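Let me begin by presenting the structure, written as structure tokens, before commenting on it.
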Amino acid sequence: MSKKLEGKIALITGGSAGIGLATAKEFVEEGAYVYITGRRRPELDAAVASIGSNITAIQGDVTKLADLDRIYAQIGREKGRLDIVFANAGGGPLVPLGAITEEHFDSVFNVNVKGLVFTAQKALPLMSDGGTIILTGSIVGIKGFPAFSIYSAAKAAVRSFARTWTTDLKDRHIRVNVVSPGPIDTPLLNEAFANPDDMKALASTVVMGRLGRPQEIAKAVVFFASDDASFITGAELFVDGGAAQV
Amino acid sequence: MVNLSGKTALVTGASRGIGRASALALAQGGAQVLVHYGRGKAEAEGVAAQIRNAGGRAEVVASDLAAPDGAHNLARQVRGIVGDRLDILVANAGVAKSANIEDTTVEDFDRLFAVNVRAPFFLVQQTLPILGKGSSIVFVSSLAAHAVVGTIAAYAATKGAIDTLVKHFAAALGPRGIRVNAVAPGVVDTDMSNFIKTEAGQKYTLAMQAIQRLARPEDIGPVVAFLASDDARWITGDTVRVDGGSKL
């Protein structure tokens with residue numbers, strides 16, 4: 001069977017763990033050359049070691065514009081173009097209304113919104129026409145879970161970007177879509193729900209009766225990146241085992 | 001292209017348009033495809049022949065899905081061919097009719113709901129005994145379910161009903177390991193759409209889309225095949241827009 005991303009050059013932010021790492025693995029298996037970014041060098045090195053070939057890690061923080069400039073300069077030098085951007089870096093602690101600090105607000109919006117905006121914008125000069133941008137959203141963008149307010153609002157902003165950027169980029173034939181996971185068994189979720197009973201309660205909200213796996217999101221990202229999705233743009237795909245769909 | 005080798009699939013309304021493209025995409029992935037038709041016998045046989053010529057497996061099945069027992073009749077035939085296991089059900093068969101509110105007749109309304117809603121509902125009911133863990137049901141919804149395109153209120157309402165069924169069926173069948181989703185195409189260049197054959201329709205379509213070309217059935221088939229495949233095993237209850245960024 002032919003590979004879905006043969007010869008493509010891809011960037012995955014937040015690529016050293018969880019959904020980003022699983023997607024890097026799938027992208028490489030489907031024939032792409034993948035750049036991953038992350039803040040922590042040891043985790044990046046481990047990610048590269050686990051995948052082996054056709055992958056390069058660049059240490060960098062998407063909230064720092066100089067880091068993004070450096071990341072794109074390196075990709076430009078080494079490959080001269082970029083076909084797929086998976087703007088995936090994100091996350092943040094849970095704080096209920098009443099306890100939200102300015103620092104909390106800024107940190108969550110910095111990584112999930114500002115970092116994502118400049119990841120996309122600074123990629124444009126390198127991006128080939130007909131390329132694709134995939135954004136990591138979340139079911140929280142359409143749900144009202146307690147203490148999720150700032151993170152949920154940030155993810156709602158991400159969903160909005162896919163609509164507007166699709167129209168901004170239509171003359172370049174760059175498709176922009178959102179993949180919105182539900183609860184996935186990742187380090188991020190395990191930090192947020194340290195109590196095993198909370199994890200069980202969370203899994204019970206999923207139609208398919210369990211938490212999702214990073215690879216299950218990665219498969220959906222591959223689909224969006226591939227020609228199979230060539231007529232899908234400005235869309236949001238919920239990959240949540242039905243959690244937010246029913 | 002996705003890997004569907006060893007899987008059995010039924011595609012209703014597979015003689016033409018999106019159904020045909022879905023059948024071909026599933027067969028390309030390696031599935032055995034039952035090509036259903038209501039009236040287009042020769043065309044359905046052509047689709048099956050095309051699949052077999054490419055080294056795939058296909059059978060033709062006929063049933064009038066406007067009839068009250070059409071879905072039951074089809075399910076019986078399907079069980080007769082695949083036995084106790086159907087992996088993929090693509091409930092694509094549908095009819096469309098463009099009419100103003102004043103011009104919509106009770107007969108047209110009933111026919112739209114019979115083919116587009118009643119038949120898929122009972123086809124799922126009647127195939128449930130042979131669907132199981134890992135099976136995937138894909139409905140065909142429409143952009144028209146959530147945005148206004150043309151004067152097709154009654155047709156659009158049938159597709160709204162499909163989106164509703166997707167959610168309820170997904171919730172009911174998730175515990176059995178069966179996934180339920182829909183694709184929602186925008187305006188597609190098929191025999192069903194008179195709209196796209198007019199200059200005004202083409203102009204309107206391109207003006208509402210981000211992607212500046214008209215959709216073909218071949219744009220939709222691979223998305224159906226993806227949702228049918230294990231690559232989409234964490235997707236259920238969703239309606240996936242395949243509309244070139246229409247009415248964003």
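Going by the structure tokens order, chains are called A, B, ..., each with residues numbered from 1, while ligands are numbered from 1 in the order shown.
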Would you mind listing, for every residue of chain A within 7 Å of chain B, the two atoms forming the shortest contact and the distance between them in Å to one decimal, using only C-alpha atoms, sorted by chain and ascending residue number, as JSON lines?
```
{"residue": "A:Arg163", "atom": "CA", "partner": "B:Leu248", "partner_atom": "CA", "distance": 5.9}
{"residue": "A:Thr166", "atom": "CA", "partner": "B:Ala210", "partner_atom": "CA", "distance": 6.8}
{"residue": "A:Thr167", "atom": "CA", "partner": "B:Ala210", "partner_atom": "CA", "distance": 5.9}
{"residue": "A:Lys170", "atom": "CA", "partner": "B:Ala210", "partner_atom": "CA", "distance": 5.5}
{"residue": "A:His173", "atom": "CA", "partner": "B:Ile211", "partner_atom": "CA", "distance": 6.9}
{"residue": "A:Val207", "atom": "CA", "partner": "B:Gly174", "partner_atom": "CA", "distance": 5.4}
{"residue": "A:Met208", "atom": "CA", "partner": "B:Gly174", "partner_atom": "CA", "distance": 5.0}
{"residue": "A:Gly209", "atom": "CA", "partner": "B:Pro175", "partner_atom": "CA", "distance": 6.8}
{"residue": "A:Gly212", "atom": "CA", "partner": "B:Trp234", "partner_atom": "CA", "distance": 6.9}
{"residue": "A:Glu216", "atom": "CA", "partner": "B:Trp234", "partner_atom": "CA", "distance": 5.9}
{"residue": "A:Lys219", "atom": "CA", "partner": "B:Asp231", "partner_atom": "CA", "distance": 5.5}
{"residue": "A:Ala220", "atom": "CA", "partner": "B:Ala232", "partner_atom": "CA", "distance": 6.5}
{"residue": "A:Asp228", "atom": "CA", "partner": "B:Pro222", "partner_atom": "CA", "distance": 5.3}
{"residue": "A:Ala229", "atom": "CA", "partner": "B:Val223", "partner_atom": "CA", "distance": 6.6}
{"residue": "A:Ser230", "atom": "CA", "partner": "B:Asp219", "partner_atom": "CA", "distance": 7.0}
{"residue": "A:Phe231", "atom": "CA", "partner": "B:Gly244", "partner_atom": "CA", "distance": 4.8}
{"residue": "A:Ile232", "atom": "CA", "partner": "B:Val242", "partner_atom": "CA", "distance": 4.8}
{"residue": "A:Thr233", "atom": "CA", "partner": "B:Gly245", "partner_atom": "CA", "distance": 4.9}
{"residue": "A:Gly234", "atom": "CA", "partner": "B:Gly245", "partner_atom": "CA", "distance": 5.2}
{"residue": "A:Ala235", "atom": "CA", "partner": "B:Arg241", "partner_atom": "CA", "distance": 6.3}
{"residue": "A:Leu237", "atom": "CA", "partner": "B:Val240", "partner_atom": "CA", "distance": 6.5}
{"residue": "A:Phe238", "atom": "CA", "partner": "B:Asp238", "partner_atom": "CA", "distance": 6.6}
{"residue": "A:Val239", "atom": "CA", "partner": "B:Ile235", "partner_atom": "CA", "distance": 4.8}
{"residue": "A:Asp240", "atom": "CA", "partner": "B:Trp234", "partner_atom": "CA", "distance": 5.9}
{"residue": "A:Gly241", "atom": "CA", "partner": "B:Trp234", "partner_atom": "CA", "distance": 4.6}
{"residue": "A:Gly242", "atom": "CA", "partner": "B:Thr236", "partner_atom": "CA", "distance": 4.9}
{"residue": "A:Gln245", "atom": "CA", "partner": "B:Gly237", "partner_atom": "CA", "distance": 5.3}
{"residue": "A:Val246", "atom": "CA", "partner": "B:Lys167", "partner_atom": "CA", "distance": 5.3}
```
Practice item. Identify, on the basis of only C-alpha atoms, every residue whose closest approach to Ala48 of chain B does not exceed 9 Å; exclude the query and any residue fewer than 2 positions from it along the same chain; express the result as a PyMOL selection string. Key: chain B and resi 15+23-24+33-35+43-46+50-53+56-60
Save the residues we just selected, N, CA and C atoms, as a PDB file, in the first residue's frame?
```
ATOM      1  N   SER B  15     -24.744   2.887  -7.283  1.00  0.00           N
ATOM      2  CA  SER B  15     -24.626   2.835  -8.750  1.00  0.00           C
ATOM      3  C   SER B  15     -24.066   4.120  -9.327  1.00  0.00           C
ATOM      4  N   ALA B  23     -18.019   3.162  -2.792  1.00  0.00           N
ATOM      5  CA  ALA B  23     -17.820   1.740  -3.063  1.00  0.00           C
ATOM      6  C   ALA B  23     -16.431   1.496  -3.651  1.00  0.00           C
ATOM      7  N   LEU B  24     -16.038   2.347  -4.594  1.00  0.00           N
ATOM      8  CA  LEU B  24     -14.724   2.177  -5.233  1.00  0.00           C
ATOM      9  C   LEU B  24     -13.594   2.422  -4.224  1.00  0.00           C
ATOM     10  N   VAL B  33     -17.214  -5.501  -1.388  1.00  0.00           N
ATOM     11  CA  VAL B  33     -18.272  -4.489  -1.393  1.00  0.00           C
ATOM     12  C   VAL B  33     -19.565  -5.024  -2.000  1.00  0.00           C
ATOM     13  N   LEU B  34     -20.653  -4.849  -1.271  1.00  0.00           N
ATOM     14  CA  LEU B  34     -21.972  -5.109  -1.813  1.00  0.00           C
ATOM     15  C   LEU B  34     -22.502  -3.797  -2.379  1.00  0.00           C
ATOM     16  N   VAL B  35     -22.681  -3.781  -3.678  1.00  0.00           N
ATOM     17  CA  VAL B  35     -23.066  -2.565  -4.391  1.00  0.00           C
ATOM     18  C   VAL B  35     -24.590  -2.558  -4.524  1.00  0.00           C
ATOM     19  N   GLU B  43     -25.795   0.319 -14.166  1.00  0.00           N
ATOM     20  CA  GLU B  43     -24.706   1.115 -13.589  1.00  0.00           C
ATOM     21  C   GLU B  43     -24.078   0.398 -12.390  1.00  0.00           C
ATOM     22  N   ALA B  44     -24.928  -0.209 -11.553  1.00  0.00           N
ATOM     23  CA  ALA B  44     -24.414  -0.934 -10.383  1.00  0.00           C
ATOM     24  C   ALA B  44     -23.547  -2.108 -10.830  1.00  0.00           C
ATOM     25  N   GLU B  45     -24.007  -2.804 -11.861  1.00  0.00           N
ATOM     26  CA  GLU B  45     -23.196  -3.924 -12.362  1.00  0.00           C
ATOM     27  C   GLU B  45     -21.873  -3.424 -12.919  1.00  0.00           C
ATOM     28  N   GLY B  46     -21.912  -2.227 -13.497  1.00  0.00           N
ATOM     29  CA  GLY B  46     -20.677  -1.608 -13.978  1.00  0.00           C
ATOM     30  C   GLY B  46     -19.705  -1.317 -12.843  1.00  0.00           C
ATOM     31  N   GLN B  50     -16.102  -3.039 -12.354  1.00  0.00           N
ATOM     32  CA  GLN B  50     -14.893  -2.216 -12.212  1.00  0.00           C
ATOM     33  C   GLN B  50     -14.072  -2.681 -11.001  1.00  0.00           C
ATOM     34  N   ILE B  51     -14.768  -3.000  -9.914  1.00  0.00           N
ATOM     35  CA  ILE B  51     -14.078  -3.477  -8.705  1.00  0.00           C
ATOM     36  C   ILE B  51     -13.413  -4.829  -8.976  1.00  0.00           C
ATOM     37  N   ARG B  52     -14.162  -5.722  -9.628  1.00  0.00           N
ATOM     38  CA  ARG B  52     -13.609  -7.063  -9.894  1.00  0.00           C
ATOM     39  C   ARG B  52     -12.444  -7.004 -10.880  1.00  0.00           C
ATOM     40  N   ASN B  53     -12.575  -6.120 -11.869  1.00  0.00           N
ATOM     41  CA  ASN B  53     -11.487  -5.990 -12.851  1.00  0.00           C
ATOM     42  C   ASN B  53     -10.196  -5.501 -12.208  1.00  0.00           C
ATOM     43  N   GLY B  56     -10.656  -6.802  -7.070  1.00  0.00           N
ATOM     44  CA  GLY B  56     -11.423  -6.796  -5.830  1.00  0.00           C
ATOM     45  C   GLY B  56     -12.619  -7.727  -5.872  1.00  0.00           C
ATOM     46  N   ARG B  57     -13.389  -7.712  -4.771  1.00  0.00           N
ATOM     47  CA  ARG B  57     -14.578  -8.552  -4.677  1.00  0.00           C
ATOM     48  C   ARG B  57     -15.810  -7.670  -4.555  1.00  0.00           C
ATOM     49  N   ALA B  58     -16.812  -7.936  -5.357  1.00  0.00           N
ATOM     50  CA  ALA B  58     -18.042  -7.148  -5.310  1.00  0.00           C
ATOM     51  C   ALA B  58     -19.239  -7.971  -5.755  1.00  0.00           C
ATOM     52  N   GLU B  59     -20.376  -7.662  -5.148  1.00  0.00           N
ATOM     53  CA  GLU B  59     -21.653  -8.266  -5.548  1.00  0.00           C
ATOM     54  C   GLU B  59     -22.655  -7.130  -5.683  1.00  0.00           C
ATOM     55  N   VAL B  60     -23.653  -7.364  -6.512  1.00  0.00           N
ATOM     56  CA  VAL B  60     -24.705  -6.361  -6.655  1.00  0.00           C
ATOM     57  C   VAL B  60     -25.937  -6.812  -5.877  1.00  0.00           C
TER      58      VAL B  60
END
```
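The residues of segment 38-138 of chain B that DSSP classifies as strand (DSSP E or B), using the backbone of this structure, are Ala58, Glu59, Val60, Val61, Ala62, Ile88, Leu89, Val90, Ala91, Ser136, Ile137 and Val138 of chain B.
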Generate the output file for the selected residues, N, CA and C atoms, as a short mmCIF file (atom, residue, chain, number, x, y, z; two decimals), in the first residue's frame.
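Result saved to part_23.cif:
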```cif
data_model
loop_
_atom_site.label_atom_id
_atom_site.label_comp_id
_atom_site.auth_asym_id
_atom_site.auth_seq_id
_atom_site.Cartn_x
_atom_site.Cartn_y
_atom_site.Cartn_z
N ALA B 58 -16.81 -7.94 -5.36
CA ALA B 58 -18.04 -7.15 -5.31
C ALA B 58 -19.24 -7.97 -5.76
N GLU B 59 -20.38 -7.66 -5.15
CA GLU B 59 -21.65 -8.27 -5.55
C GLU B 59 -22.65 -7.13 -5.68
N VAL B 60 -23.65 -7.36 -6.51
CA VAL B 60 -24.71 -6.36 -6.66
C VAL B 60 -25.94 -6.81 -5.88
N VAL B 61 -26.56 -5.89 -5.15
CA VAL B 61 -27.82 -6.19 -4.45
C VAL B 61 -28.83 -5.11 -4.79
N ALA B 62 -30.09 -5.53 -4.97
CA ALA B 62 -31.15 -4.59 -5.36
C ALA B 62 -32.22 -4.52 -4.29
N ILE B 88 -18.79 -2.85 7.53
CA ILE B 88 -18.98 -1.46 7.12
C ILE B 88 -20.36 -1.30 6.48
N LEU B 89 -21.12 -0.37 6.99
CA LEU B 89 -22.40 -0.04 6.38
C LEU B 89 -22.38 1.44 5.98
N VAL B 90 -22.44 1.70 4.69
CA VAL B 90 -22.50 3.08 4.21
C VAL B 90 -23.92 3.32 3.70
N ALA B 91 -24.69 4.04 4.51
CA ALA B 91 -26.09 4.32 4.15
C ALA B 91 -26.11 5.62 3.36
N SER B 136 -18.33 -0.25 11.50
CA SER B 136 -18.48 1.19 11.33
C SER B 136 -19.65 1.50 10.42
N ILE B 137 -20.50 2.39 10.89
CA ILE B 137 -21.63 2.85 10.08
C ILE B 137 -21.35 4.27 9.63
N VAL B 138 -21.50 4.52 8.35
CA VAL B 138 -21.30 5.88 7.83
C VAL B 138 -22.57 6.33 7.10
#
```
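When only C-alpha atoms are used to compute distances to Glu103 of chain A, the closest of the residues A:Ile71, A:Val62, A:Ala17, A:Ile150 turns out to be A:Ile150.
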Check your understanding: Tell me, which residues of segment 160-213 of chain A carry DSSP helix (DSSP H, G or I), written as number ranges by chain?
Key -> A: 160-168, 170-172, 187-192, 196-204
Practice item. Enter the distance from atom CA of Phe139 of chain B to atom CA of Ala184 of chain B, in Å, rounded to one decimal. Key: 8.7 Å
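Straight-line separation from atom CA of Gly90 of chain A to atom CA of Gly31 of chain A: 25.9 Å.
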Point to revise | Pairwise distance for atom CA of Ser5 of chain B and atom CA of Asp227 of chain A, rounded to one decimal in Å | key: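 Straight-line distance from atom CA of Ser5 of chain B to atom CA of Asp227 of chain A works out to 20.4 Å.
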